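S.K.: Coordinates in query-v5.cif, mmCIF, C-alpha atoms, are listed below.
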```
data_input
loop_
_atom_site.label_atom_id
_atom_site.label_comp_id
_atom_site.auth_asym_id
_atom_site.auth_seq_id
_atom_site.Cartn_x
_atom_site.Cartn_y
_atom_site.Cartn_z
CA MET A 1 16.28 15.81 3.70
CA LYS A 2 14.52 18.01 1.19
CA ARG A 3 13.20 21.53 1.62
CA THR A 4 10.62 21.42 -1.17
CA ALA A 5 7.88 23.58 0.34
CA LYS A 6 7.43 26.30 2.93
CA SER A 7 4.83 24.23 4.73
CA GLY A 8 4.81 21.07 6.74
CA ILE A 9 2.83 18.36 8.49
CA ILE A 10 3.82 17.06 11.90
CA GLY A 11 3.67 13.37 12.71
CA VAL A 12 3.98 12.08 16.26
CA ASP A 13 4.37 8.42 17.22
CA VAL A 14 3.53 7.85 20.90
CA GLY A 15 4.40 4.39 22.20
CA GLY A 16 4.77 2.96 25.66
CA THR A 17 8.56 3.32 25.45
CA LYS A 18 9.37 6.17 23.03
CA ILE A 19 7.89 9.31 21.52
CA ARG A 20 9.10 10.15 18.00
CA ALA A 21 8.08 13.37 16.25
CA GLY A 22 9.01 14.74 12.85
CA VAL A 23 7.99 17.28 10.21
CA LEU A 24 7.27 16.31 6.61
CA THR A 25 6.38 18.16 3.46
CA PRO A 26 2.93 17.33 2.01
CA GLY A 27 4.76 14.98 -0.39
CA GLY A 28 6.35 12.97 2.41
CA ASP A 29 9.90 14.39 2.45
CA LEU A 30 11.47 14.81 5.89
CA LEU A 31 12.39 18.38 6.78
CA CYS A 32 14.63 17.38 9.69
CA GLU A 33 15.79 14.44 11.73
CA PRO A 34 12.98 13.32 14.06
CA VAL A 35 12.93 14.15 17.76
CA VAL A 36 13.10 11.00 19.89
CA ILE A 37 12.54 10.93 23.66
CA ALA A 38 11.57 8.34 26.26
CA THR A 39 7.85 8.17 27.03
CA GLY A 40 8.17 7.07 30.65
CA GLY A 41 4.90 5.20 30.21
CA SER A 42 4.23 4.71 33.92
CA ASP A 43 4.90 8.36 34.88
CA ASP A 44 2.01 10.69 35.72
CA ARG A 45 -0.20 11.86 32.89
CA GLU A 46 0.80 15.51 32.98
CA THR A 47 4.47 14.60 32.71
CA ILE A 48 3.83 12.35 29.71
CA CYS A 49 1.61 14.97 28.07
CA GLY A 50 4.38 17.52 28.60
CA ARG A 51 6.86 15.26 26.85
CA ILE A 52 4.52 14.81 23.87
CA ILE A 53 3.98 18.55 23.56
CA GLY A 54 7.69 19.18 24.04
CA SER A 55 8.57 16.75 21.24
CA ILE A 56 6.22 18.57 18.85
CA ASP A 57 7.67 21.94 19.82
CA SER A 58 11.23 20.65 19.30
CA ALA A 59 10.33 19.16 15.90
CA ILE A 60 8.89 22.48 14.71
CA ARG A 61 12.04 24.31 15.78
CA LYS A 62 14.33 21.74 14.12
CA SER A 63 12.37 22.00 10.85
CA GLY A 64 12.98 25.74 10.57
CA LEU A 65 9.27 26.37 9.98
CA LYS A 66 7.00 28.67 11.93
CA THR A 67 3.98 27.29 13.73
CA PHE A 68 1.60 29.02 11.29
CA GLU A 69 3.31 27.13 8.43
CA ILE A 70 2.23 23.76 9.89
CA SER A 71 -1.03 22.61 8.29
CA GLY A 72 -1.82 19.89 10.78
CA ILE A 73 -0.57 17.50 13.45
CA GLY A 74 -1.16 13.76 13.10
CA MET A 75 -0.75 11.57 16.16
CA GLY A 76 -0.37 7.80 16.25
CA VAL A 77 -0.87 6.70 19.86
CA THR A 78 -0.79 3.28 21.47
CA GLY A 79 -4.42 2.31 22.07
CA PRO A 80 -7.19 1.62 22.49
CA LEU A 81 -8.46 5.11 21.71
CA ASP A 82 -11.54 7.14 21.03
CA SER A 83 -9.81 8.46 17.92
CA LYS A 84 -12.69 10.70 16.82
CA ASN A 85 -12.56 12.70 20.05
CA GLY A 86 -8.84 12.19 20.61
CA ILE A 87 -9.12 10.44 23.96
CA ILE A 88 -6.86 7.66 25.23
CA LEU A 89 -9.05 4.91 26.67
CA GLU A 90 -7.91 2.13 29.01
CA CYS A 91 -4.42 1.74 27.65
CA PRO A 92 -2.14 -0.94 29.17
CA GLN A 93 1.00 0.74 27.81
CA LEU A 94 0.09 4.19 29.25
CA PRO A 95 -1.88 3.26 32.38
CA THR A 96 -1.81 6.72 33.96
CA MET A 97 -3.35 8.29 30.84
CA ASN A 98 -6.61 6.34 30.82
CA PHE A 99 -9.41 8.59 29.48
CA PHE A 100 -6.97 11.46 28.89
CA PRO A 101 -8.10 14.07 26.28
CA LEU A 102 -4.74 14.23 24.49
CA MET A 103 -5.96 15.74 21.21
CA GLU A 104 -7.69 18.60 23.01
CA ARG A 105 -4.55 19.40 25.00
CA VAL A 106 -2.37 19.49 21.86
CA ILE A 107 -4.88 21.71 20.02
CA ASP A 108 -5.02 24.07 23.00
CA LYS A 109 -1.23 24.37 23.00
CA PHE A 110 -0.49 24.84 19.29
CA LYS A 111 -3.79 26.15 17.83
CA ILE A 112 -3.24 23.78 14.88
CA PRO A 113 -5.72 21.14 13.64
CA VAL A 114 -4.94 17.72 15.14
CA VAL A 115 -6.05 14.21 14.16
CA MET A 116 -5.35 11.07 16.14
CA ASP A 117 -5.45 7.32 15.58
CA ASN A 118 -3.80 4.29 17.10
CA ASP A 119 -0.13 3.72 16.38
CA ALA A 120 -0.70 0.50 14.42
CA ASN A 121 -3.08 2.30 12.04
CA ALA A 122 -0.61 5.13 11.62
CA LEU A 123 2.32 2.82 10.94
CA LEU A 124 0.45 0.84 8.28
CA LEU A 125 -0.90 4.01 6.66
CA GLY A 126 2.66 5.34 6.42
CA GLU A 127 3.88 2.12 4.84
CA SER A 128 0.91 2.04 2.44
CA THR A 129 1.46 5.66 1.42
CA TRP A 130 5.25 5.83 1.19
CA GLY A 131 6.73 2.42 2.05
CA ALA A 132 6.47 -1.34 1.61
CA GLY A 133 2.69 -1.32 1.03
CA LYS A 134 2.69 1.34 -1.69
CA GLY A 135 0.86 0.11 -4.78
CA TYR A 136 -0.94 -2.74 -3.05
CA ARG A 137 -4.72 -2.85 -2.71
CA ILE A 138 -4.97 -4.66 0.65
CA SER A 139 -2.25 -4.32 3.30
CA LEU A 140 -2.36 -5.97 6.71
CA GLY A 141 -0.01 -4.58 9.34
CA PHE A 142 1.22 -5.69 12.75
CA THR A 143 3.05 -3.35 15.10
CA LEU A 144 5.38 -5.34 17.34
CA GLY A 145 6.58 -3.06 20.11
CA THR A 146 6.05 -2.76 23.84
CA GLY A 147 2.57 -4.08 23.03
CA LEU A 148 0.82 -5.50 19.96
CA GLY A 149 -1.18 -3.62 17.32
CA CYS A 150 -2.85 -4.59 14.08
CA ALA A 151 -4.29 -2.57 11.18
CA LEU A 152 -5.84 -2.98 7.74
CA VAL A 153 -5.66 -0.66 4.73
CA VAL A 154 -7.99 -1.31 1.78
CA ASP A 155 -7.82 0.86 -1.35
CA ASN A 156 -5.64 3.42 0.47
CA LYS A 157 -8.17 3.76 3.30
CA LEU A 158 -7.90 2.55 6.87
CA PHE A 159 -10.54 0.06 7.93
CA THR A 160 -11.38 1.16 11.47
CA GLY A 161 -14.70 -0.53 12.26
CA VAL A 162 -17.88 0.88 13.79
CA ASN A 163 -16.23 2.17 16.97
CA GLY A 164 -12.81 2.93 15.49
CA LEU A 165 -11.33 -0.09 17.27
CA ALA A 166 -10.77 -2.53 14.40
CA GLY A 167 -7.38 -4.17 14.82
CA GLU A 168 -7.34 -4.04 18.62
CA ILE A 169 -6.41 -7.71 18.80
CA TRP A 170 -4.21 -7.44 21.89
CA PRO A 171 -6.78 -8.89 24.37
CA SER A 172 -7.57 -11.90 22.13
CA PRO A 173 -7.00 -15.29 23.85
CA PHE A 174 -3.84 -17.33 23.43
CA ASP A 175 -2.63 -20.18 25.68
CA ASP A 176 -4.76 -19.07 28.66
CA GLU A 177 -3.39 -15.52 28.35
CA THR A 178 -3.86 -12.73 25.83
CA ILE A 179 -1.97 -12.77 22.54
CA GLU A 180 -0.16 -9.57 23.60
CA ASP A 181 1.23 -11.35 26.65
CA THR A 182 3.43 -13.32 24.23
CA VAL A 183 3.54 -11.31 20.99
CA SER A 184 5.14 -8.10 22.27
CA GLY A 185 8.40 -6.84 23.69
CA ARG A 186 7.33 -7.63 27.22
CA GLY A 187 6.17 -11.02 25.92
CA VAL A 188 9.70 -11.86 24.76
CA SER A 189 10.99 -10.81 28.19
CA SER A 190 8.41 -13.02 29.89
CA ILE A 191 9.28 -16.04 27.72
CA TYR A 192 12.99 -15.63 28.44
CA PHE A 193 12.33 -15.25 32.17
CA ARG A 194 10.38 -18.52 32.23
CA LEU A 195 13.26 -20.30 30.51
CA SER A 196 16.21 -18.71 32.32
CA ASN A 197 14.86 -17.07 35.48
CA GLN A 198 16.51 -13.85 34.28
CA MET A 199 14.62 -10.69 33.38
CA LYS A 200 16.00 -9.06 30.23
CA SER A 201 14.62 -6.58 27.69
CA ALA A 202 13.73 -7.79 24.22
CA GLU A 203 16.72 -5.88 22.86
CA GLU A 204 19.04 -7.63 25.31
CA ILE A 205 17.53 -11.04 24.44
CA SER A 206 18.13 -10.28 20.78
CA GLY A 207 21.81 -9.60 21.50
CA LEU A 208 22.09 -12.80 23.53
CA ALA A 209 20.52 -14.84 20.73
CA LEU A 210 22.92 -13.39 18.17
CA ASN A 211 25.76 -14.48 20.46
CA GLY A 212 24.47 -18.05 20.63
CA ASP A 213 22.54 -18.07 23.93
CA ILE A 214 20.35 -21.19 23.62
CA LYS A 215 17.54 -19.93 25.86
CA ALA A 216 17.42 -16.61 24.01
CA ILE A 217 17.23 -18.43 20.67
CA GLU A 218 14.47 -20.66 22.05
CA SER A 219 12.60 -17.57 23.30
CA TRP A 220 12.48 -16.09 19.82
CA GLY A 221 11.29 -19.42 18.45
CA ILE A 222 8.37 -19.44 20.88
CA PHE A 223 7.62 -15.84 19.97
CA GLY A 224 7.62 -16.71 16.26
CA ARG A 225 5.14 -19.53 16.74
CA ALA A 226 2.75 -17.25 18.68
CA LEU A 227 3.10 -14.51 16.06
CA ALA A 228 2.22 -17.07 13.39
CA VAL A 229 -1.10 -17.69 15.16
CA ALA A 230 -1.94 -13.97 15.09
CA LEU A 231 -0.86 -13.66 11.45
CA ALA A 232 -2.86 -16.73 10.45
CA TRP A 233 -6.11 -15.32 11.79
CA GLY A 234 -5.46 -12.01 10.05
CA ILE A 235 -4.43 -13.52 6.70
CA ASN A 236 -7.22 -16.09 6.62
CA PHE A 237 -9.81 -13.42 7.36
CA THR A 238 -8.61 -10.58 5.11
CA ASP A 239 -6.71 -12.34 2.27
CA PRO A 240 -4.26 -9.40 1.89
CA ASP A 241 -1.74 -8.66 -0.83
CA ILE A 242 0.97 -8.03 1.73
CA VAL A 243 1.61 -8.27 5.48
CA ILE A 244 3.90 -5.64 6.96
CA LEU A 245 5.65 -6.10 10.31
CA GLY A 246 6.78 -2.92 12.06
CA GLY A 247 7.77 -1.72 15.50
CA SER A 248 10.95 -2.20 17.51
CA ILE A 249 10.60 -5.99 17.74
CA ALA A 250 10.56 -6.30 13.94
CA LYS A 251 14.28 -5.42 14.05
CA SER A 252 14.81 -8.97 15.37
CA TYR A 253 12.98 -10.46 12.37
CA GLU A 254 15.82 -12.83 11.47
CA LEU A 255 15.62 -14.38 14.96
CA PHE A 256 11.93 -15.34 14.77
CA SER A 257 11.20 -15.51 11.03
CA ASP A 258 12.01 -19.22 10.55
CA SER A 259 9.72 -20.26 13.40
CA MET A 260 7.01 -17.84 12.25
CA GLU A 261 7.11 -19.03 8.64
CA SER A 262 7.18 -22.75 9.42
CA HIS A 263 4.15 -22.52 11.69
CA LEU A 264 2.32 -20.05 9.48
CA LYS A 265 2.33 -22.44 6.53
CA LYS A 266 0.48 -24.96 8.69
CA TYR A 267 -2.13 -22.42 9.80
CA ILE A 268 -3.17 -20.57 6.62
CA CYS A 269 -5.01 -21.54 3.45
CA PRO A 270 -2.87 -22.91 0.57
CA VAL A 271 -3.26 -20.02 -1.89
CA PRO A 272 -2.35 -17.24 0.61
CA ALA A 273 0.49 -19.47 1.81
CA GLU A 274 1.97 -19.28 -1.70
CA LYS A 275 1.11 -15.69 -2.61
CA THR A 276 0.99 -13.46 0.49
CA ARG A 277 4.18 -11.48 1.03
CA ILE A 278 5.36 -10.90 4.59
CA VAL A 279 7.91 -8.10 4.92
CA LYS A 280 9.42 -5.73 7.44
CA ALA A 281 8.31 -2.10 7.41
CA SER A 282 10.60 -0.34 4.92
CA LEU A 283 10.39 3.04 6.63
CA GLY A 284 12.01 1.60 9.74
CA ASP A 285 11.68 3.65 12.92
CA ASN A 286 10.17 6.52 10.90
CA ALA A 287 7.09 4.53 9.82
CA GLY A 288 5.02 5.48 12.86
CA PHE A 289 5.41 9.25 12.77
CA MET A 290 5.33 9.40 8.97
CA GLY A 291 2.06 7.46 9.03
CA ALA A 292 0.75 9.77 11.71
CA ALA A 293 1.49 12.70 9.40
CA ALA A 294 -0.37 10.89 6.59
CA LEU A 295 -3.45 10.84 8.84
CA VAL A 296 -3.75 14.60 8.29
CA SER A 297 -4.51 14.00 4.61
CA VAL A 298 -6.69 10.94 5.17
CA LYS A 299 -8.84 12.63 7.80
CA ARG A 300 -9.42 15.89 5.92
CA GLU A 301 -12.95 16.34 7.28
CA ILE A 302 -11.73 16.20 10.88
CA VAL A 303 -8.96 18.68 10.04
CA LYS A 304 -11.53 21.05 8.51
CA SER A 305 -13.73 20.69 11.60
CA ASN A 306 -10.77 21.43 13.89
CA LYS A 307 -9.93 24.54 11.86
CA LYS A 308 -13.45 25.88 12.28
CA GLU A 309 -13.22 25.44 16.06
CA LEU A 310 -9.85 27.20 16.39
#
```
Let me see the structure of the file written as structure tokens.

M.R.:
Amino acid sequence: MKRTAKSGIIGVDVGGTKIRAGVLTPGGDLLCEPVVIATGGSDDRETICGRIIGSIDSAIRKSGLKTFEISGIGMGVTGPLDSKNGIILECPQLPTMNFFPLMERVIDKFKIPVVMDNDANALLLGESTWGAGKGYRISLGFTLGTGLGCALVVDNKLFTGVNGLAGEIWPSPFDDETIEDTVSGRGVSSIYFRLSNQMKSAEEISGLALNGDIKAIESWGIFGRALAVALAWGINFTDPDIVILGGSIAKSYELFSDSMESHLKKYICPVPAEKTRIVKASLGDNAGFMGAAALVSVKREIVKSNKKEL
């Protein structure tokens, strides 16, 4: 941890399972260990909002800074979102928060400029700014967590599309379901249940696989093949320098990487198959909230607009 400046930026990563908040200097140094709490994604919206606000408040206190020394709050939230207006849309990971004006509520509480984008965009921006994607022109990112997210950074800028929803691949079709039904934490649980008739979390299935459980190992192989399909579409379309895999499921990379790589080589063009690097997010669990903090710099015009309204 480095105390290099008497100012900070807050980053908040809001997923379906966990909320992680931290304070960084403008140069990307952490001022304190992040605050991590359970989201309780199916709880009522006011309770979840209270947890998000509480995590920000706790992060400020842990950093030793005063609220007026915080230049902005960046939020990476599981989507889809109306990121411009800071509204959660119809979000499968936070079903009680559909059409919830989260950005407005956080601004009202802290009187600090706030910017918001989906968690996959935030994670990839963090990796492109400070992590595995630093120095690359085109980075493609996949967030493998409770759900599935995708993002693209080109020349240090997020590509967000006309409606801000570029990368929302989760409802795309795969084997008569959506791709997220397989390529996600709950997807791994569903695969294992079909094979074993036992419901386990992705983390538990990872532990079982490491201990030689055949059905758990098979589950990760099926997951890897499905992930290869998603990666193939992304790589073939964008021709990136690097593909970065983040989120909690990426911790089990060694369990699905062989299956993913063997199928991917069959699905993508020969040149990308030889040249495109596929790596885990180097910032680990911090990638999401650090990327959310980076949003404050990227979205300067929104921050300026928020300041005028405060």

S.K.: Got a sec: who's within 6 Å of region 216-226 of chain A, counting only C-alpha atoms, leaving out chain neighbours fewer than 4 positions off, as a ChimeraX atom specification?

M.R.: /A:191-192,205,209,256,259-260,263

S.K.: Each residue of region 235-265 of chain A lying at most 10 Å from region 121-142 of chain A should get a row with its shortest atom-to-atom pair and the distance in Å to one decimal, counting only C-alpha atoms; could you produce that, ordered by chain and increasing number, as a tab-separated table?

M.R.:
```
residue	atom	partner	partner_atom	distance
A:Ile235	CA	A:Leu140	CA	7.8
A:Thr238	CA	A:Leu140	CA	7.9
A:Asp239	CA	A:Ile138	CA	8.0
A:Pro240	CA	A:Ile138	CA	5.0
A:Asp241	CA	A:Ile138	CA	5.4
A:Ile242	CA	A:Ser139	CA	5.2
A:Val243	CA	A:Leu140	CA	4.8
A:Ile244	CA	A:Gly141	CA	4.7
A:Leu245	CA	A:Phe142	CA	5.1
A:Gly246	CA	A:Phe142	CA	6.3
A:Gly247	CA	A:Phe142	CA	8.1
A:Ala250	CA	A:Phe142	CA	9.4
```

S.K.: Would you mind exporting C-alpha atoms of the selected residues as a PDB file, in the coordinates of the input?

M.R.:
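Output saved as part-v3.pdb:
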```
ATOM      1  CA  ILE A 235      -4.430 -13.520   6.700  1.00  0.00           C
ATOM      2  CA  THR A 238      -8.610 -10.580   5.110  1.00  0.00           C
ATOM      3  CA  ASP A 239      -6.710 -12.340   2.270  1.00  0.00           C
ATOM      4  CA  PRO A 240      -4.260  -9.400   1.890  1.00  0.00           C
ATOM      5  CA  ASP A 241      -1.740  -8.660  -0.830  1.00  0.00           C
ATOM      6  CA  ILE A 242       0.970  -8.030   1.730  1.00  0.00           C
ATOM      7  CA  VAL A 243       1.610  -8.270   5.480  1.00  0.00           C
ATOM      8  CA  ILE A 244       3.900  -5.640   6.960  1.00  0.00           C
ATOM      9  CA  LEU A 245       5.650  -6.100  10.310  1.00  0.00           C
ATOM     10  CA  GLY A 246       6.780  -2.920  12.060  1.00  0.00           C
ATOM     11  CA  GLY A 247       7.770  -1.720  15.500  1.00  0.00           C
ATOM     12  CA  ALA A 250      10.560  -6.300  13.940  1.00  0.00           C
TER      13      ALA A 250
END
```

S.K.: Do you have, as CSV, the list of residues of region 34-147 of chain A lying at most 10 Å from region 22-26 of chain A, each with its nearest atom pair and that distance in Å to one decimal, counting only C-alpha atoms and ordered by chain then number?

M.R.:
```
residue,atom,partner,partner_atom,distance
A:Pro34,CA,A:Gly22,CA,4.4
A:Val35,CA,A:Gly22,CA,6.3
A:Val36,CA,A:Gly22,CA,9.0
A:Ser55,CA,A:Gly22,CA,8.6
A:Ile56,CA,A:Gly22,CA,7.6
A:Ser58,CA,A:Gly22,CA,9.0
A:Ala59,CA,A:Gly22,CA,5.5
A:Ile60,CA,A:Val23,CA,6.9
A:Arg61,CA,A:Val23,CA,9.8
A:Lys62,CA,A:Val23,CA,8.7
A:Ser63,CA,A:Val23,CA,6.5
A:Gly64,CA,A:Val23,CA,9.8
A:Leu65,CA,A:Val23,CA,9.2
A:Ile70,CA,A:Val23,CA,8.7
A:Ser71,CA,A:Pro26,CA,9.1
A:Ile73,CA,A:Val23,CA,9.2
```

S.K.: How many Å separate CA of Ala232 (chain A) from CA of Asp13 (chain A)?

M.R.: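 Taking CA of Ala232 (chain A) as the start and CA of Asp13 (chain A) as the end point, the length is 27.0 Å.
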
S.K.: So what does the PyMOL selection byres ((chain A and resi 68) around 10) actually pick up in this one, as an NGL selection string?

M.R.: :A and (7-8 or 65-67 or 69-72 or 110-112)

S.K.: Between A:Phe289, A:Trp233, A:Phe100, A:Tyr253, single out the one closest to Gly167 (chain A), counting all atoms listed in the file.

M.R.: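 Smallest distance to Gly167 (chain A) is found for A:Trp233.
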
S.K.: Box in all listed atoms of region 149-152 of chain A, axis-aligned, with 8 Å more on each side; write out centre and edge lengths in Å to one decimal as lines of an AutoDock Vina configuration file.

M.R.:
```
center_x = -3.5
center_y = -3.6
center_z = 12.5
size_x = 20.7
size_y = 18.0
size_z = 25.6
```

S.K.: Check what the PyMOL selection byres ((chain A and resi 269) around 12) selects in the file above and give those residues as an mmCIF file with C-alpha atoms, in the coordinates of the input.

M.R.:
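Result file result_0.cif:
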```
data_model
loop_
_atom_site.group_PDB
_atom_site.id
_atom_site.type_symbol
_atom_site.label_atom_id
_atom_site.label_comp_id
_atom_site.auth_asym_id
_atom_site.auth_seq_id
_atom_site.Cartn_x
_atom_site.Cartn_y
_atom_site.Cartn_z
ATOM 1 C CA LEU A 231 -0.860 -13.660 11.450
ATOM 2 C CA ALA A 232 -2.860 -16.730 10.450
ATOM 3 C CA TRP A 233 -6.110 -15.320 11.790
ATOM 4 C CA GLY A 234 -5.460 -12.010 10.050
ATOM 5 C CA ILE A 235 -4.430 -13.520 6.700
ATOM 6 C CA ASN A 236 -7.220 -16.090 6.620
ATOM 7 C CA PHE A 237 -9.810 -13.420 7.360
ATOM 8 C CA THR A 238 -8.610 -10.580 5.110
ATOM 9 C CA ASP A 239 -6.710 -12.340 2.270
ATOM 10 C CA LEU A 264 2.320 -20.050 9.480
ATOM 11 C CA LYS A 265 2.330 -22.440 6.530
ATOM 12 C CA LYS A 266 0.480 -24.960 8.690
ATOM 13 C CA TYR A 267 -2.130 -22.420 9.800
ATOM 14 C CA ILE A 268 -3.170 -20.570 6.620
ATOM 15 C CA PRO A 270 -2.870 -22.910 0.570
ATOM 16 C CA VAL A 271 -3.260 -20.020 -1.890
ATOM 17 C CA PRO A 272 -2.350 -17.240 0.610
ATOM 18 C CA ALA A 273 0.490 -19.470 1.810
ATOM 19 C CA GLU A 274 1.970 -19.280 -1.700
ATOM 20 C CA LYS A 275 1.110 -15.690 -2.610
ATOM 21 C CA THR A 276 0.990 -13.460 0.490
#
```

S.K.: Between A:Ile278, A:Leu148, A:Ile48, A:Leu208, which residue has the minimum interatomic distance to Pro92 (chain A), considering all atoms listed in the file?

M.R.: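 Counting all atoms listed in the file, the residue closest to Pro92 (chain A) is A:Leu148.
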
S.K.: For the point (-4.6, -15.4, 19.5) in the file's frame, write as a ChimeraX atom specification all residues with an atom no more than 10 Å away, counting all atoms listed in the file.

M.R.: /A:169-180,182-183,226-233

S.K.: Region 125-171 of chain A near region 75-84 of chain A within 7 Å: what's each residue's closest atom pair and its distance in Å to one decimal, counting only C-alpha atoms, ordered by chain then ascending residue number, as a tab-separated table?

M.R.:
```
residue	atom	partner	partner_atom	distance
A:Gly164	CA	A:Ser83	CA	6.7
A:Leu165	CA	A:Pro80	CA	6.9
A:Glu168	CA	A:Pro80	CA	6.9
```

S.K.: Output C-alpha atoms for every residue in the selection just made, as a compact mmCIF listing (two decimals), in the coordinates of the input.

M.R.:
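As written to disk, result.txt reads:
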```
# COMPACT_ATOMS: atom_id res chain seq x y z
CA GLY A 164 -12.81 2.93 15.49
CA LEU A 165 -11.33 -0.09 17.27
CA GLU A 168 -7.34 -4.04 18.62
```
